[in-house]
>>> print(open('model18.txt').read())   # compact mmCIF, C-alpha atoms
# COMPACT_ATOMS: atom_id res chain seq x y z
CA MET A 81 201.72 -51.59 84.68
CA PRO A 82 203.09 -51.18 88.23
CA ARG A 83 204.09 -47.91 89.81
CA THR A 84 207.67 -46.81 89.27
CA THR A 85 210.02 -44.37 90.95
CA ASP A 86 211.32 -42.97 87.67
CA PHE A 87 210.73 -39.52 86.27
CA PRO A 88 208.48 -39.62 83.19
CA ASP A 89 209.99 -39.63 79.73
CA ALA A 90 209.13 -36.03 78.93
CA ARG A 91 210.46 -36.35 75.37
CA ARG A 92 208.37 -39.30 74.18
CA GLY A 93 207.07 -38.50 70.74
CA ASP A 94 203.59 -39.98 71.12
CA ALA A 95 202.64 -37.63 73.98
CA ALA A 96 200.84 -35.03 71.89
CA THR A 97 199.25 -33.44 74.96
CA VAL A 98 200.50 -32.99 78.52
CA LEU A 99 198.05 -32.19 81.30
CA VAL A 100 199.48 -30.43 84.35
CA SER A 101 197.21 -30.17 87.36
CA PRO A 102 197.98 -29.10 90.96
CA TRP A 103 195.92 -30.40 93.87
CA LEU A 104 196.17 -28.14 96.92
CA VAL A 105 195.97 -30.03 100.21
CA PRO A 106 194.89 -28.58 103.57
CA THR A 107 197.94 -29.99 105.39
CA ALA A 108 201.27 -31.44 104.33
CA ALA A 109 200.32 -34.66 106.10
CA LEU A 110 197.75 -35.32 103.35
CA GLN A 111 200.14 -34.92 100.41
CA ARG A 112 201.05 -38.59 100.08
CA ALA A 113 197.49 -39.76 100.64
CA ALA A 114 196.26 -37.42 97.89
CA ALA A 115 198.98 -38.55 95.47
CA ASP A 116 198.31 -42.21 96.25
CA SER A 117 194.59 -41.70 95.69
CA VAL A 118 195.18 -40.39 92.17
CA LEU A 119 197.36 -43.34 91.24
CA ALA A 120 195.06 -45.85 92.90
CA GLU A 121 192.06 -44.67 90.90
CA TRP A 122 193.97 -45.29 87.67
CA GLU A 123 195.29 -48.64 88.88
CA HIS A 124 191.77 -49.90 89.55
CA GLN A 125 190.11 -48.88 86.32
CA LYS A 126 190.44 -49.87 82.69
CA ARG A 127 192.85 -47.33 81.27
CA PRO A 128 192.41 -46.06 77.71
CA ASP A 129 195.38 -46.60 75.42
CA ALA A 130 195.46 -42.84 74.86
CA MET A 131 196.56 -42.43 78.49
CA LEU A 132 200.31 -42.98 78.31
CA ALA A 133 201.63 -42.13 81.77
CA LEU A 134 200.80 -40.28 84.97
CA THR A 135 203.33 -38.97 87.47
CA THR A 136 202.64 -37.39 90.86
CA PHE A 137 205.09 -35.00 92.53
CA LEU A 138 205.04 -33.64 96.08
CA SER A 139 205.86 -29.96 96.55
CA THR A 140 208.67 -29.45 99.04
CA ASP A 141 206.65 -26.84 100.95
CA GLY A 142 203.86 -29.36 101.62
CA SER A 143 201.17 -27.27 99.94
CA HIS A 144 200.17 -29.43 96.99
CA VAL A 145 200.53 -32.42 94.70
CA LEU A 146 201.43 -31.89 91.06
CA ASN A 147 199.91 -34.31 88.54
CA TYR A 148 201.76 -34.61 85.22
CA ALA A 149 199.82 -36.70 82.70
CA GLN A 150 200.81 -37.61 79.14
CA TRP A 151 198.11 -38.49 76.59
CA THR A 152 198.10 -39.10 72.87
CA ASP A 153 195.37 -36.52 72.21
CA ASP A 154 192.97 -34.13 73.92
CA GLY A 155 189.83 -35.73 72.52
CA ALA A 156 190.49 -39.02 74.27
CA HIS A 157 191.17 -37.25 77.56
CA ARG A 158 188.02 -35.15 77.31
CA GLU A 159 185.96 -38.27 76.71
CA TRP A 160 187.48 -39.91 79.79
CA ALA A 161 186.87 -36.73 81.81
CA ARG A 162 183.23 -36.66 80.72
CA THR A 163 182.43 -40.30 81.40
CA VAL A 164 184.75 -41.58 84.14
CA ARG A 165 186.33 -38.69 86.02
CA PRO A 166 183.32 -37.52 88.11
CA ALA A 167 182.99 -40.84 89.94
CA ALA A 168 186.75 -41.22 90.40
CA VAL A 169 187.22 -37.77 91.90
CA GLY A 170 184.07 -38.21 93.99
CA ARG A 171 185.59 -41.26 95.65
CA ILE A 172 188.78 -39.36 96.40
CA ASP A 173 186.91 -36.44 97.95
CA ALA A 174 184.83 -38.81 100.05
CA ALA A 175 188.02 -40.26 101.53
CA ILE A 176 190.16 -37.10 101.74
CA THR A 177 188.42 -33.85 102.56
CA GLY A 178 189.69 -30.39 101.78
CA ILE A 179 191.50 -30.94 98.45
CA ARG A 180 191.27 -27.85 96.25
CA ARG A 181 191.82 -28.01 92.50
CA PRO A 182 192.60 -24.80 90.61
CA GLY A 183 192.34 -26.70 87.31
CA LEU A 184 194.60 -28.12 84.65
CA THR A 185 196.62 -26.54 81.88
CA ARG A 186 196.93 -28.28 78.52
CA TYR A 187 200.47 -28.18 77.20
CA ARG A 188 202.51 -29.59 74.37
CA ARG A 189 206.22 -30.16 74.83
CA HIS A 190 207.93 -28.03 72.21
CA ARG A 191 211.68 -28.34 72.74
CA SER A 192 214.12 -29.82 75.21
CA HIS A 193 217.68 -29.33 76.37
CA VAL A 194 219.39 -32.45 77.70
CA PRO A 195 223.19 -32.48 78.13
CA GLU A 196 225.00 -35.09 76.08
CA GLY A 197 226.36 -38.26 77.60
CA PRO A 198 225.22 -40.38 80.53
CA GLY A 199 224.25 -38.63 83.72
CA PRO A 200 222.59 -39.27 87.06
CA ARG A 201 218.88 -39.86 87.38
CA PRO A 202 216.87 -36.71 88.11
CA ALA A 203 216.04 -36.31 91.78
CA PHE A 204 214.42 -32.88 91.92
CA LEU A 205 211.90 -30.97 89.81
CA VAL A 206 211.52 -27.19 89.48
CA THR A 207 208.80 -25.59 87.35
CA PRO A 208 209.21 -21.87 86.62
CA ALA A 209 206.37 -20.52 84.49
CA PHE A 210 205.97 -17.51 82.23
CA ALA A 211 203.02 -15.59 80.87
CA THR A 212 203.30 -14.95 77.13
CA THR A 213 201.45 -12.74 74.70
CA GLY A 214 200.95 -15.44 72.09
CA PRO A 215 202.53 -18.29 70.15
CA ASP A 216 205.37 -16.14 68.78
CA ALA A 217 206.43 -15.15 72.28
CA GLN A 218 206.13 -18.77 73.40
CA ARG A 219 208.43 -20.01 70.65
CA ALA A 220 210.89 -17.16 71.20
CA LEU A 221 211.17 -18.12 74.85
CA ALA A 222 211.59 -21.81 74.00
CA ASP A 223 214.30 -21.09 71.44
CA THR A 224 216.08 -18.75 73.84
CA VAL A 225 216.11 -21.23 76.71
CA VAL A 226 217.24 -24.22 74.66
CA GLY A 227 219.76 -22.26 72.61
CA THR A 228 221.31 -20.60 75.65
CA LEU A 229 221.61 -23.86 77.57
CA ASP A 230 223.05 -25.69 74.57
CA ARG A 231 225.83 -23.07 74.49
CA GLU A 232 226.32 -22.83 78.24
CA PRO A 233 224.90 -25.71 80.30
CA VAL A 234 224.05 -25.14 83.95
CA PRO A 235 225.81 -27.51 86.38
CA GLY A 236 223.40 -29.97 87.95
CA LEU A 237 220.62 -29.24 85.45
CA LEU A 238 219.92 -32.59 83.81
CA GLY A 239 217.15 -31.53 81.45
CA VAL A 240 214.79 -28.69 80.59
CA HIS A 241 211.62 -29.53 78.70
CA VAL A 242 209.80 -26.46 77.40
CA HIS A 243 206.01 -26.88 77.47
CA LEU A 244 203.77 -24.45 75.59
CA SER A 245 200.17 -24.03 76.66
CA GLN A 246 197.71 -24.59 73.86
CA ASP A 247 196.14 -21.15 74.29
CA GLY A 248 199.45 -19.36 73.65
CA ALA A 249 199.39 -17.64 77.04
CA ARG A 250 201.83 -19.67 79.08
CA VAL A 251 205.15 -21.53 79.05
CA LEU A 252 206.23 -24.06 81.65
CA LEU A 253 209.91 -24.92 82.07
CA TYR A 254 209.95 -28.49 83.39
CA GLN A 255 213.44 -28.62 84.90
CA GLU A 256 215.03 -31.89 86.02
CA TRP A 257 217.84 -31.42 88.54
CA ALA A 258 220.39 -33.73 90.12
CA GLY A 259 219.14 -32.61 93.53
CA ALA A 260 217.89 -29.73 95.62
CA SER A 261 221.41 -28.59 96.48
CA ALA A 262 222.37 -28.38 92.80
CA TRP A 263 219.37 -26.14 92.13
CA ARG A 264 220.08 -23.91 95.13
CA GLU A 265 223.76 -23.56 94.28
CA SER A 266 223.03 -22.57 90.67
CA THR A 267 220.16 -20.16 91.25
CA GLY A 268 221.26 -16.55 90.82
CA HIS A 269 224.81 -17.41 89.84
CA GLY A 270 226.87 -17.98 86.71
CA ALA A 271 225.15 -19.56 83.73
CA SER A 272 221.80 -19.70 85.52
CA ALA A 273 221.87 -15.96 86.25
CA ARG A 274 222.83 -15.18 82.66
CA LEU A 275 219.94 -17.29 81.36
CA THR A 276 217.53 -15.44 83.66
CA ALA A 277 218.75 -12.09 82.39
CA THR A 278 218.34 -13.21 78.78
CA ILE A 279 214.75 -14.30 79.44
CA GLU A 280 213.94 -11.03 81.19
CA ALA A 281 214.97 -9.14 78.05
CA LEU A 282 212.43 -10.94 75.84
CA GLU A 283 209.34 -9.04 74.68
CA GLY A 284 205.95 -10.50 75.52
CA VAL A 285 207.33 -12.72 78.28
CA SER A 286 206.95 -12.23 82.04
CA PRO A 287 207.31 -14.51 85.07
CA THR A 288 204.05 -15.83 86.51
CA PRO A 289 203.25 -18.09 89.47
CA ALA A 290 203.48 -21.71 88.42
CA VAL A 291 200.62 -22.69 90.75
CA SER A 292 197.67 -20.45 91.54
CA ALA A 293 194.94 -20.89 94.12
CA ALA A 294 192.40 -19.58 91.63
CA PRO A 295 190.73 -21.81 89.03
CA THR A 296 192.15 -21.59 85.52
CA PRO A 297 189.94 -21.46 82.40
CA ALA A 298 191.71 -24.44 80.87
CA ASP A 299 188.55 -26.05 79.56
CA PRO A 300 185.13 -24.79 78.53
CA PRO A 301 182.29 -25.30 81.03
CA THR A 302 180.95 -28.50 79.49
CA GLY A 303 181.12 -30.80 82.50
CA GLU A 304 184.44 -32.24 81.38
CA HIS A 305 186.81 -30.56 83.83
CA PRO A 306 189.08 -33.40 84.94
CA ASP A 307 189.77 -32.17 88.44
CA ALA A 308 186.37 -31.55 89.99
CA PRO A 309 183.29 -33.71 90.58
CA GLU A 310 181.27 -31.37 88.36
CA THR A 311 182.34 -28.26 86.49
CA ARG A 312 179.61 -26.25 88.20
CA ASP A 313 181.31 -27.00 91.54
CA VAL A 314 184.55 -25.33 90.49
CA PRO A 315 184.47 -21.96 92.30
CA GLU A 316 185.00 -18.66 90.58
CA ALA A 317 188.42 -17.08 90.97
CA HIS A 318 187.15 -14.43 93.36
CA ASP A 319 185.69 -17.13 95.65
CA VAL A 320 189.06 -18.83 96.20
CA PRO A 321 191.31 -17.18 98.79
CA ASP A 322 195.03 -16.92 98.27
CA VAL A 323 197.13 -19.69 99.75
CA PRO A 324 199.67 -18.08 102.10
CA GLY A 325 203.23 -18.88 101.15
CA LEU A 326 202.47 -20.66 97.87
CA PRO A 327 205.79 -20.29 96.01
CA ASP A 328 206.00 -18.62 92.61
CA VAL A 329 208.49 -21.29 91.51
CA PRO A 330 207.62 -24.52 93.31
CA GLN A 331 210.04 -27.36 93.82
CA TYR A 332 209.10 -31.03 93.89
CA ARG A 333 210.23 -34.50 94.75
CA LEU A 334 208.92 -37.45 92.78
CA HIS A 335 206.23 -39.49 94.50
CA ALA A 336 205.50 -42.17 91.88
CA SER A 337 204.74 -42.76 88.22
CA LEU A 338 202.22 -45.03 86.55
CA LEU A 339 203.35 -46.07 83.07
CA ASN A 340 200.41 -47.29 81.04
CA ILE A 341 201.96 -47.51 77.54
CA PRO A 342 205.78 -47.73 77.28
CA ALA A 343 207.27 -45.41 74.69
CA ALA A 344 209.14 -48.24 72.95
CA ALA A 345 205.95 -50.29 72.63
CA ALA A 346 204.26 -47.32 71.02
CA GLY A 347 206.99 -47.15 68.40
CA THR A 348 208.12 -43.65 69.38
CA ALA A 349 211.47 -42.15 70.13
CA ALA A 350 212.56 -39.24 72.26
CA THR A 351 213.56 -36.13 70.37
CA ASP A 352 215.26 -32.92 71.41
CA GLY A 353 214.39 -30.64 68.53
CA ARG A 354 211.29 -28.70 67.59
CA GLN A 355 208.03 -30.57 67.53
CA PRO A 356 205.86 -30.31 64.38
>>> encode(input="model18.txt", output="structure tokens")
Amino acid sequence: MPRTTDFPDARRGDAATVLVSPWLVPTAALQRAAADSVLAEWEHQKRPDAMLALTTFLSTDGSHVLNYAQWTDDGAHREWARTVRPAAVGRIDAAITGIRRPGLTRYRRHRSHVPEGPGPRPAFLVTPAFATTGPDAQRALADTVVGTLDREPVPGLLGVHVHLSQDGARVLLYQEWAGASAWRESTGHGASARLTATIEALEGVSPTPAVSAAPTPADPPTGEHPDAPETRDVPEAHDVPDVPGLPDVPQYRLHASLLNIPAAAAGTAATDGRQP
């Protein structure tokens, strides 16, 4: 399938796992080259049917590329990471030096808020993240966000897709906005401010940087880490310096998407409610 300039269908029902992975680049001038390299590797290899879609976003501060990949299951992805990923990433690193990969987080989309009726296409992505003390806190945050927005939508916010990390320790709010100005105008005011205050009152929930310079223990050290030539080459957290100015809540513009399996062809439908 060709590249598209559409946001991914975050609500597709066959995406049982979502892999979110930032790639830190040494200069903003390398952002597009790094994003293109990811897509090109997938375009030139036989893609497993379990790989549904891959989208690359460019952070507005120029610090990194965000890879958002939808798969049918973790087992299929781990097999690809074990057998194909080392050579693919090796080729990228040979062409573009200085990319740093903190690691991926495995999520499942749990709930979504999408205003009713037709609306504009999303043009801007914001990804606030929260540390949670376990699955109960994750679900409480998801229910609070979706319930609050259903009662009082935020102008310019076209969709919020709540992603729960599989280890129970993290929640990502994948927010689709009409544009950067809509996000800036809403932040700290009105319905957006009230939602923030409601979240701050939740037990077991605290804001956390959405992107860290340190590696994350997303996968066991079995050589299957999808974002490094070999797991043993992923540095320890104390070996990775902080990235000056890396925002706690990054903002993104879409670079491109690669749709491997259309949702309709897979016989799935988007849903807004709780996932099983």
>>> closest_residue(input="model18.txt", among="A:Gly227, A:Pro102, A:Pro233, A:Pro208", to="A:Thr288", atoms="only C-alpha atoms")
A:Pro208
>>> atom_distance(input="model18.txt", atom1="atom CA of A:Val145", atom2="atom CA of A:Ala115")
6.4 Å
>>> residues_around(input="model18.txt", residues="A:Ser266", least_positions_apart="2", cutoff="12 Å", atoms="only C-alpha atoms", output="number ranges by chain")
A: 233-237, 257-264, 268-276
>>> closest_residue(input="model18.txt", among="A:Gln255, A:Asn340, A:Thr107, A:Thr177", to="A:Val242", atoms="all atoms listed in the file")
A:Gln255
>>> atom_distance(input="model18.txt", atom1="atom CA of A:Ala108", atom2="atom CA of A:Asp141")
7.8 Å
>>> atom_distance(input="model18.txt", atom1="atom CA of A:Pro287", atom2="atom CA of A:His335")
26.7 Å
>>> residues_around(input="model18.txt", residues="A:Val291", least_positions_apart="3", cutoff="9 Å", atoms="all atoms listed in the file", output="PyMOL selection string")
chain A and resi 101-102+182+209+288+294+326-330
>>> write_last_selection(input="model18.txt", atoms="C-alpha atoms", output="compact mmCIF listing (two decimals), keeping the file's coordinate frame")
# COMPACT_ATOMS: atom_id res chain seq x y z
CA SER A 101 197.21 -30.17 87.36
CA PRO A 102 197.98 -29.10 90.96
CA PRO A 182 192.60 -24.80 90.61
CA ALA A 209 206.37 -20.52 84.49
CA THR A 288 204.05 -15.83 86.51
CA ALA A 294 192.40 -19.58 91.63
CA LEU A 326 202.47 -20.66 97.87
CA PRO A 327 205.79 -20.29 96.01
CA ASP A 328 206.00 -18.62 92.61
CA VAL A 329 208.49 -21.29 91.51
CA PRO A 330 207.62 -24.52 93.31
>>> closest_residue(input="model18.txt", among="A:Asp116, A:Glu121, A:Glu232, A:Asp247", to="A:Asp216", atoms="all atoms listed in the file")
A:Asp247
>>> closest_residue(input="model18.txt", among="A:Tyr332, A:Pro128, A:Pro215, A:Leu253", to="A:Glu159", atoms="all atoms listed in the file")
A:Pro128
>>> closest_residue(input="model18.txt", among="A:Ile279, A:Val225, A:Val194, A:Ala114", to="A:Ala174", atoms="all atoms listed in the file")
A:Ala114
>>> closest_residue(input="model18.txt", among="A:Gly248, A:Gly183, A:Pro289, A:Pro195", to="A:Val226", atoms="only C-alpha atoms")
A:Pro195
